[in-house]
$ cat protein.txt   # compact mmCIF, C-alpha atoms
# COMPACT_ATOMS: atom_id res chain seq x y z
CA MET A 1 -17.17 -26.87 17.32
CA ASN A 2 -19.51 -24.31 18.88
CA PHE A 3 -22.42 -24.36 21.27
CA LYS A 4 -25.08 -24.05 18.56
CA GLN A 5 -23.76 -27.16 16.82
CA VAL A 6 -23.71 -29.19 20.03
CA GLU A 7 -27.14 -27.92 21.03
CA ALA A 8 -28.52 -28.92 17.62
CA PHE A 9 -26.96 -32.37 17.94
CA ARG A 10 -28.53 -32.85 21.38
CA ALA A 11 -31.94 -31.77 20.09
CA VAL A 12 -31.77 -34.21 17.17
CA MET A 13 -30.69 -37.04 19.49
CA MET A 14 -33.67 -36.30 21.72
CA THR A 15 -36.24 -36.03 18.92
CA ARG A 16 -34.72 -38.15 16.11
CA SER A 17 -35.95 -35.46 13.72
CA MET A 18 -34.28 -32.41 12.18
CA THR A 19 -37.66 -30.68 11.82
CA THR A 20 -38.76 -31.31 15.41
CA ALA A 21 -35.32 -30.30 16.67
CA ALA A 22 -35.61 -27.05 14.75
CA GLY A 23 -38.91 -26.36 16.49
CA LEU A 24 -37.31 -26.92 19.90
CA LEU A 25 -34.49 -24.54 19.03
CA HIS A 26 -36.80 -21.95 17.42
CA THR A 27 -34.91 -22.04 14.16
CA SER A 28 -35.26 -23.58 10.70
CA GLN A 29 -34.63 -27.17 9.62
CA PRO A 30 -31.89 -26.09 7.15
CA ASN A 31 -30.03 -24.40 10.01
CA VAL A 32 -30.12 -27.59 12.07
CA SER A 33 -28.90 -29.65 9.10
CA ARG A 34 -26.07 -27.19 8.50
CA TRP A 35 -24.99 -27.21 12.16
CA ILE A 36 -24.99 -31.02 12.22
CA ALA A 37 -22.90 -31.15 9.02
CA LEU A 38 -20.37 -28.69 10.47
CA LEU A 39 -20.19 -30.68 13.71
CA GLU A 40 -19.57 -33.92 11.77
CA LYS A 41 -16.76 -32.19 9.86
CA THR A 42 -15.17 -31.01 13.11
CA LEU A 43 -15.51 -34.38 14.86
CA GLY A 44 -14.36 -36.42 11.90
CA PHE A 45 -17.15 -39.01 12.00
CA VAL A 46 -20.77 -39.41 10.88
CA LEU A 47 -23.44 -38.78 13.51
CA PHE A 48 -26.64 -39.91 11.78
CA GLN A 49 -27.75 -42.29 9.08
CA ARG A 50 -31.11 -42.05 7.31
CA SER A 51 -33.57 -44.93 7.04
CA GLY A 52 -36.51 -43.61 5.05
CA THR A 53 -37.73 -40.60 7.03
CA ARG A 54 -36.04 -41.76 10.24
CA LEU A 55 -32.67 -40.61 11.59
CA ILE A 56 -30.59 -43.34 13.20
CA PRO A 57 -27.66 -42.27 15.42
CA THR A 58 -24.37 -44.02 14.73
CA PRO A 59 -22.50 -45.76 17.59
CA GLU A 60 -20.09 -42.81 17.57
CA ALA A 61 -23.02 -40.43 18.03
CA GLU A 62 -24.32 -42.44 20.99
CA ALA A 63 -20.89 -42.31 22.65
CA PHE A 64 -20.55 -38.57 22.02
CA TYR A 65 -24.09 -37.93 23.29
CA ALA A 66 -23.22 -39.37 26.71
CA ASP A 67 -20.55 -36.69 27.19
CA VAL A 68 -22.82 -33.99 25.76
CA GLU A 69 -25.52 -34.88 28.29
CA ARG A 70 -23.04 -34.66 31.16
CA ALA A 71 -22.03 -31.20 29.93
CA PHE A 72 -25.64 -30.02 29.74
CA ILE A 73 -26.33 -31.43 33.20
CA GLY A 74 -23.47 -29.25 34.38
CA LEU A 75 -25.04 -26.19 32.77
CA GLU A 76 -28.39 -26.97 34.35
CA SER A 77 -26.66 -27.34 37.72
CA LEU A 78 -25.13 -23.86 37.29
CA ASN A 79 -28.60 -22.48 36.67
CA ASP A 80 -29.93 -24.26 39.77
CA SER A 81 -27.04 -22.88 41.80
CA ALA A 82 -27.69 -19.32 40.59
CA ASN A 83 -31.38 -19.64 41.43
CA SER A 84 -30.56 -20.97 44.88
CA ILE A 85 -28.09 -18.16 45.57
CA ARG A 86 -30.63 -15.59 44.44
CA LEU A 87 -33.40 -17.05 46.59
CA ARG A 88 -31.41 -18.12 49.64
CA GLY A 89 -28.14 -16.26 49.47
CA LYS A 90 -26.36 -19.48 50.50
CA GLY A 91 -25.95 -21.62 47.40
CA LEU A 92 -26.00 -25.40 47.44
CA LEU A 93 -23.71 -28.34 48.13
CA ARG A 94 -22.85 -30.46 45.10
CA VAL A 95 -21.62 -33.99 45.75
CA GLY A 96 -20.34 -36.59 43.28
CA ALA A 97 -20.09 -40.26 44.22
CA VAL A 98 -19.71 -43.74 42.79
CA GLY A 99 -22.75 -46.00 42.83
CA LEU A 100 -21.82 -47.92 45.98
CA ILE A 101 -21.56 -44.74 48.07
CA THR A 102 -24.61 -43.09 46.49
CA GLN A 103 -26.80 -46.11 47.11
CA CYS A 104 -25.45 -47.51 50.38
CA VAL A 105 -23.71 -44.72 52.29
CA MET A 106 -25.13 -41.39 51.14
CA PRO A 107 -28.71 -41.86 52.45
CA ASP A 108 -27.47 -42.25 56.05
CA ALA A 109 -24.80 -39.58 55.55
CA LEU A 110 -27.48 -37.15 54.36
CA ARG A 111 -29.64 -37.98 57.36
CA ILE A 112 -26.76 -37.09 59.70
CA PHE A 113 -25.95 -34.00 57.61
CA ARG A 114 -29.57 -32.83 57.80
CA GLU A 115 -29.49 -33.00 61.60
CA LYS A 116 -26.83 -30.28 61.50
CA VAL A 117 -27.66 -28.41 58.29
CA SER A 118 -31.34 -28.32 57.40
CA ASP A 119 -31.62 -25.35 55.02
CA ILE A 120 -29.03 -26.02 52.30
CA PRO A 121 -30.01 -27.86 49.09
CA VAL A 122 -27.82 -30.86 48.28
CA VAL A 123 -27.34 -32.23 44.76
CA VAL A 124 -25.96 -35.78 44.57
CA ASN A 125 -24.57 -36.93 41.21
CA THR A 126 -23.60 -40.54 40.48
CA GLY A 127 -20.82 -41.64 38.12
CA GLY A 128 -17.73 -43.78 37.85
CA SER A 129 -14.57 -42.79 39.72
CA ASP A 130 -13.14 -41.11 36.62
CA VAL A 131 -16.31 -39.07 36.10
CA VAL A 132 -16.47 -38.07 39.77
CA ALA A 133 -12.84 -36.94 39.58
CA LYS A 134 -13.61 -34.76 36.53
CA TRP A 135 -16.58 -33.20 38.30
CA VAL A 136 -14.38 -32.23 41.24
CA ALA A 137 -11.47 -31.09 39.06
CA THR A 138 -13.73 -28.73 37.10
CA GLY A 139 -15.55 -27.41 40.16
CA TYR A 140 -18.85 -28.97 39.12
CA CYS A 141 -18.89 -30.83 42.46
CA ASP A 142 -17.64 -29.47 45.78
CA ILE A 143 -16.52 -32.90 47.01
CA GLY A 144 -16.43 -36.36 45.51
CA PHE A 145 -16.35 -39.92 46.81
CA CYS A 146 -14.76 -42.59 44.63
CA SER A 147 -13.07 -45.99 44.77
CA ILE A 148 -9.85 -45.44 42.79
CA HIS A 149 -7.32 -42.68 42.09
CA THR A 150 -7.20 -41.02 38.68
CA ASP A 151 -4.36 -39.24 36.89
CA LEU A 152 -6.04 -35.84 36.88
CA PRO A 153 -3.74 -33.16 38.35
CA SER A 154 -4.62 -30.90 41.30
CA LEU A 155 -6.81 -33.49 43.01
CA GLN A 156 -6.33 -34.53 46.63
CA TYR A 157 -7.41 -37.99 47.77
CA GLU A 158 -8.12 -39.01 51.36
CA ARG A 159 -8.72 -42.69 52.03
CA ILE A 160 -11.84 -42.80 54.18
CA ASN A 161 -12.49 -46.53 54.24
CA THR A 162 -10.83 -49.87 53.58
CA ALA A 163 -13.04 -52.94 53.29
CA TYR A 164 -12.33 -56.56 52.44
CA GLY A 165 -14.47 -58.45 49.95
CA VAL A 166 -16.96 -61.02 51.20
CA GLY A 167 -18.90 -63.75 49.47
CA VAL A 168 -22.62 -63.27 48.90
CA VAL A 169 -24.74 -66.36 48.23
CA PRO A 170 -28.44 -67.26 48.45
CA LYS A 171 -29.35 -68.34 51.99
CA LYS A 172 -30.38 -71.80 50.84
CA HIS A 173 -27.25 -72.28 48.73
CA ARG A 174 -24.75 -75.00 49.70
CA LEU A 175 -22.06 -72.37 50.26
CA ALA A 176 -24.18 -70.57 52.87
CA ARG A 177 -23.29 -73.30 55.37
CA LYS A 178 -19.58 -72.49 55.21
CA LYS A 179 -17.89 -70.07 57.61
CA VAL A 180 -15.23 -69.05 55.09
CA LEU A 181 -15.19 -69.43 51.32
CA LYS A 182 -12.04 -70.39 49.42
CA PRO A 183 -11.53 -69.70 45.71
CA SER A 184 -12.03 -73.40 44.95
CA ASP A 185 -15.49 -73.30 46.60
CA PHE A 186 -16.69 -71.24 43.64
CA ASP A 187 -15.79 -73.95 41.09
CA GLY A 188 -18.71 -74.59 38.78
CA GLU A 189 -20.82 -71.82 40.29
CA ASP A 190 -22.54 -69.12 38.26
CA PHE A 191 -20.58 -66.01 39.22
CA ILE A 192 -21.91 -62.47 38.91
CA SER A 193 -19.00 -60.12 38.18
CA LEU A 194 -18.19 -56.46 38.07
CA PRO A 195 -17.28 -55.24 34.55
CA ALA A 196 -14.14 -56.63 32.90
CA GLY A 197 -11.29 -54.15 33.11
CA SER A 198 -12.50 -52.49 36.30
CA PHE A 199 -10.07 -52.12 39.21
CA ASN A 200 -12.24 -54.00 41.74
CA ARG A 201 -12.94 -56.80 39.25
CA ALA A 202 -9.18 -57.29 38.86
CA ALA A 203 -8.73 -57.27 42.65
CA ILE A 204 -11.18 -60.17 42.88
CA ASP A 205 -10.13 -62.17 39.80
CA ARG A 206 -6.43 -62.30 40.75
CA HIS A 207 -7.31 -64.81 43.49
CA PHE A 208 -8.80 -67.26 40.97
CA VAL A 209 -5.62 -68.59 39.36
CA ARG A 210 -7.17 -71.90 38.32
CA ASP A 211 -10.46 -70.29 37.56
CA LYS A 212 -13.36 -72.73 37.25
CA ARG A 213 -16.15 -70.25 37.96
CA VAL A 214 -18.92 -69.83 35.41
CA LEU A 215 -18.80 -66.11 34.65
CA SER A 216 -22.46 -65.73 33.76
CA ILE A 217 -23.40 -62.08 34.37
CA GLU A 218 -21.55 -58.73 34.46
CA THR A 219 -22.95 -55.56 36.00
CA PRO A 220 -21.28 -52.34 37.21
CA TYR A 221 -23.06 -52.08 40.57
CA ALA A 222 -22.51 -54.26 43.63
CA THR A 223 -26.04 -53.37 44.74
CA THR A 224 -27.38 -54.97 41.56
CA ILE A 225 -25.18 -58.01 42.16
CA CYS A 226 -26.71 -58.55 45.61
CA THR A 227 -30.23 -58.26 44.20
CA MET A 228 -29.39 -60.84 41.53
CA VAL A 229 -27.93 -63.17 44.14
CA ALA A 230 -31.21 -62.92 46.06
CA LYS A 231 -33.00 -64.03 42.87
CA GLY A 232 -30.82 -67.14 42.67
CA LEU A 233 -28.94 -66.00 39.58
CA GLY A 234 -25.51 -66.77 41.00
CA VAL A 235 -22.97 -65.98 43.71
CA SER A 236 -20.38 -63.25 43.99
CA ILE A 237 -17.82 -61.34 46.03
CA VAL A 238 -18.66 -57.75 46.95
CA ASN A 239 -17.77 -54.93 49.30
CA PRO A 240 -19.27 -55.85 52.71
CA VAL A 241 -20.67 -52.33 53.02
CA VAL A 242 -23.14 -53.20 50.29
CA ALA A 243 -24.31 -56.41 51.93
CA ARG A 244 -24.68 -54.67 55.29
CA ALA A 245 -26.47 -51.62 53.91
CA LEU A 246 -28.98 -53.51 51.78
CA ARG A 247 -29.73 -56.40 54.16
CA ILE A 248 -31.61 -58.14 51.35
CA PRO A 249 -33.68 -61.09 52.59
CA GLY A 250 -32.42 -64.31 51.10
CA VAL A 251 -28.79 -63.18 50.80
CA CYS A 252 -26.13 -64.61 53.08
CA GLU A 253 -22.74 -62.95 53.64
CA VAL A 254 -19.80 -65.34 54.03
CA GLY A 255 -16.18 -64.40 54.67
CA PHE A 256 -13.64 -64.86 51.86
CA SER A 257 -10.31 -66.51 52.65
CA GLU A 258 -8.31 -64.18 50.38
CA LYS A 259 -7.71 -60.49 51.03
CA VAL A 260 -9.60 -58.36 48.48
CA GLU A 261 -8.92 -54.77 49.47
CA LEU A 262 -11.61 -52.32 48.41
CA TYR A 263 -10.98 -48.63 49.05
CA SER A 264 -13.13 -45.54 49.28
CA TYR A 265 -11.74 -42.01 48.95
CA ALA A 266 -12.91 -38.45 49.48
CA VAL A 267 -11.60 -36.28 46.67
CA THR A 268 -11.24 -32.50 46.57
CA SER A 269 -9.46 -30.06 44.27
CA GLU A 270 -6.53 -27.79 45.08
CA ASN A 271 -7.99 -25.28 42.62
CA PHE A 272 -11.24 -24.75 44.52
CA PRO A 273 -11.63 -23.92 48.23
CA VAL A 274 -13.17 -26.76 50.23
CA GLY A 275 -16.05 -25.16 52.07
CA ALA A 276 -17.31 -25.98 55.53
CA LEU A 277 -20.35 -27.78 54.09
CA ALA A 278 -18.22 -30.07 51.93
CA ARG A 279 -15.99 -30.88 54.90
CA ARG A 280 -19.03 -31.63 57.03
CA MET A 281 -20.42 -33.96 54.37
CA GLY A 282 -17.06 -35.75 54.31
CA GLU A 283 -17.26 -36.27 58.07
CA CYS A 284 -20.82 -37.61 57.76
CA VAL A 285 -19.73 -40.14 55.10
CA LYS A 286 -16.84 -41.27 57.33
CA GLU A 287 -19.25 -41.71 60.24
CA VAL A 288 -21.52 -43.96 58.19
CA PHE A 289 -18.58 -46.08 57.01
CA SER A 290 -17.43 -46.42 60.62
CA GLY A 291 -20.87 -47.65 61.62
CA PHE A 292 -20.84 -50.33 58.93
CA ASN A 293 -17.35 -51.46 59.96
CA ASN A 294 -18.40 -51.78 63.61
CA ALA A 295 -21.43 -53.79 62.53
CA LEU A 296 -19.18 -56.16 60.60
CA VAL A 297 -17.26 -57.02 63.75
CA ASP A 298 -20.48 -58.33 65.33
CA VAL A 299 -21.29 -60.78 62.52
$ encode --input "protein.txt" --output "C-alpha cells"
Amino acid sequence: MNFKQVEAFRAVMMTRSMTTAAGLLHTSQPNVSRWIALLEKTLGFVLFQRSGTRLIPTPEAEAFYADVERAFIGLESLNDSANSIRLRGKGLLRVGAVGLITQCVMPDALRIFREKVSDIPVVVNTGGSDVVAKWVATGYCDIGFCSIHTDLPSLQYERINTAYGVGVVPKKHRLARKKVLKPSDFDGEDFISLPAGSFNRAAIDRHFVRDKRVLSIETPYATTICTMVAKGLGVSIVNPVVARALRIPGVCEVGFSEKVELYSYAVTSENFPVGALARRMGECVKEVFSGFNNALVDV
C-alpha cells in the first residue's frame, strides 16, 4: 500500500467517480482505476461495486475510509502546525478529548486557558478514548482527555476526576418527585443507553440484575441522552458533569442509589515531552471539573 493508492481511494470515496477523482488528483482515470485495484489486492477485500455508472462503496470500504480520514486530518494538522510556526514562531496546542469533555468541560477550560495564554492557537479533536490514546501515542495531540485506559504502551494516565452516575428524567415525570432512584424504579421505563459494549454502559447495566427497563434508544454521547430526555423520549443515568454543564430546561437530575463510578483521565506520552502549554491546559480542565463537583454538593 502506498500514498498514491490511499489518496486515490479517498478521492473516489469523496466523489463516487473514478473520472472526477482523476480530475482532483490531476491524473488520468486509468491511473485511478489501477491504484484502486492495487489497493484492493493489498487489503484483501473489494472496495467498490458498480451499479450502472455509479460506484457504491462496500461496507469494508466505509470502515477503511474512517481510518483514512483520520490519517488525512493528521496530515492537515501538520500543515497547520507548520504554517503557525512559520507565522508565529510558537506553534499550536493540540488537544484530544472524548465527547463529554469536549462538549461539557473544554469550553470553560479554554476560557480559563485564554485568560493566561491569548496568542496560541488551540486545536481540539474529538474521538473515543481509544482514538484519543492513539493521537497522544503518535504525537498528533500534545495531551488527551479520556474516560478509560487503553493497552497502548508508553502512555501515562492521571485520573483527574471521579464522578458517580445520576438519573436524568423529564421534570414532569413521576420519577422526578423521588430523592433517590433505585434500579427497580426504572422498571417499564423507556431507557436511553450508551452503546452496548462500552465501559460506562457496562458500569451502569451491572446494577440492573433483574432488568425490566425498556432499552429503547442507544447513543454514544451523554449530552445527546440529556437532550433526548428533555424531549420526553425516555430516562437515563449519566455522568453528573453532563447534567450540570448543560442545564437543559425540562431535565431533572436525581441521585442513583447504586455507585456507578465514571472516571476522567489526562493522558500524555513518555515518547514526547509534555510542554508547559499542555500542562496548563490539564490544570484548566481539572479546575473546571472541580467547579462542577463543588456545584454538585449544593444540589
$ residues_around --input "protein.txt" --residues "Gly139 in chain A" --least-positions-apart "2" --cutoff "10 Å" --atoms "only C-alpha atoms" --output "PyMOL selection string"
chain A and resi 74+94+133-137+141-143+268-269+271-273
$ closest_residue --input "protein.txt" --among "A:Ser33, A:Asn161, A:Asn200, A:Ser216" --to "Gln5 in chain A" --atoms "all atoms listed in the file"
A:Ser33
$ closest_atom_pairs --input "protein.txt" --of "range 242-286 of chain A" --to "range 107-119 of chain A" --cutoff "10 Å" --atoms "all atoms listed in the file" --output "tab-separated table"
residue	atom	partner	partner_atom	distance
A:Ala245	CA	A:Asp108	CA	9.7
A:Leu277	CA	A:Val117	CA	8.5
A:Arg280	CA	A:Phe113	CA	7.3
A:Met281	CA	A:Phe113	CA	6.4
A:Gly282	CA	A:Ala109	CA	8.7
A:Glu283	CA	A:Ala109	CA	8.6
A:Cys284	CA	A:Ala109	CA	5.0
A:Val285	CA	A:Ala109	CA	5.1
A:Lys286	CA	A:Ala109	CA	8.3
$ closest_residue --input "protein.txt" --among "A:Ile225, A:Val123, A:Cys146, A:Cys104" --to "Leu246 in chain A" --atoms "all atoms listed in the file"
A:Cys104
$ atom_distance --input "protein.txt" --atom1 "CA of Lys178 in chain A" --atom2 "CA of Pro195 in chain A"
27.0 Å
$ residues_near_point --input "protein.txt" --point "(-15.9, -65.9, 57.7)" --cutoff "8 Å" --atoms "only C-alpha atoms" --output "ChimeraX atom specification"
/A:178-181,254-257
$ residues_around --input "protein.txt" --residues "Arg16 in chain A" --least-positions-apart "2" --cutoff "9 Å" --atoms "all atoms listed in the file" --output "tab-separated table (two decimals) with C-alpha atoms, in the frame of the given file"
chain	number	residue	atom	x	y	z
A	11	ALA	CA	-31.94	-31.77	20.09
A	12	VAL	CA	-31.77	-34.21	17.17
A	13	MET	CA	-30.69	-37.04	19.49
A	14	MET	CA	-33.67	-36.30	21.72
A	18	MET	CA	-34.28	-32.41	12.18
A	20	THR	CA	-38.76	-31.31	15.41
A	21	ALA	CA	-35.32	-30.30	16.67
A	54	ARG	CA	-36.04	-41.76	10.24
A	55	LEU	CA	-32.67	-40.61	11.59
A	56	ILE	CA	-30.59	-43.34	13.20
A	57	PRO	CA	-27.66	-42.27	15.42
$ closest_residue --input "protein.txt" --among "A:Val98, A:Leu24, A:Val6, A:Val260" --to "Ala71 in chain A" --atoms "all atoms listed in the file"
A:Val6
$ atom_distance --input "protein.txt" --atom1 "CA of Tyr157 in chain A" --atom2 "CA of Ser198 in chain A"
19.2 Å
$ closest_residue --input "protein.txt" --among "A:Leu262, A:Leu93, A:Leu175, A:Ile192" --to "Arg279 in chain A" --atoms "only C-alpha atoms"
A:Leu93
$ closest_residue --input "protein.txt" --among "A:Ala63, A:Ala97, A:Leu92, A:Val166" --to "Val241 in chain A" --atoms "only C-alpha atoms"
A:Val166
$ closest_residue --input "protein.txt" --among "A:Gly167, A:Gly197, A:Gly291, A:Pro59" --to "Ala243 in chain A" --atoms "only C-alpha atoms"
A:Gly167
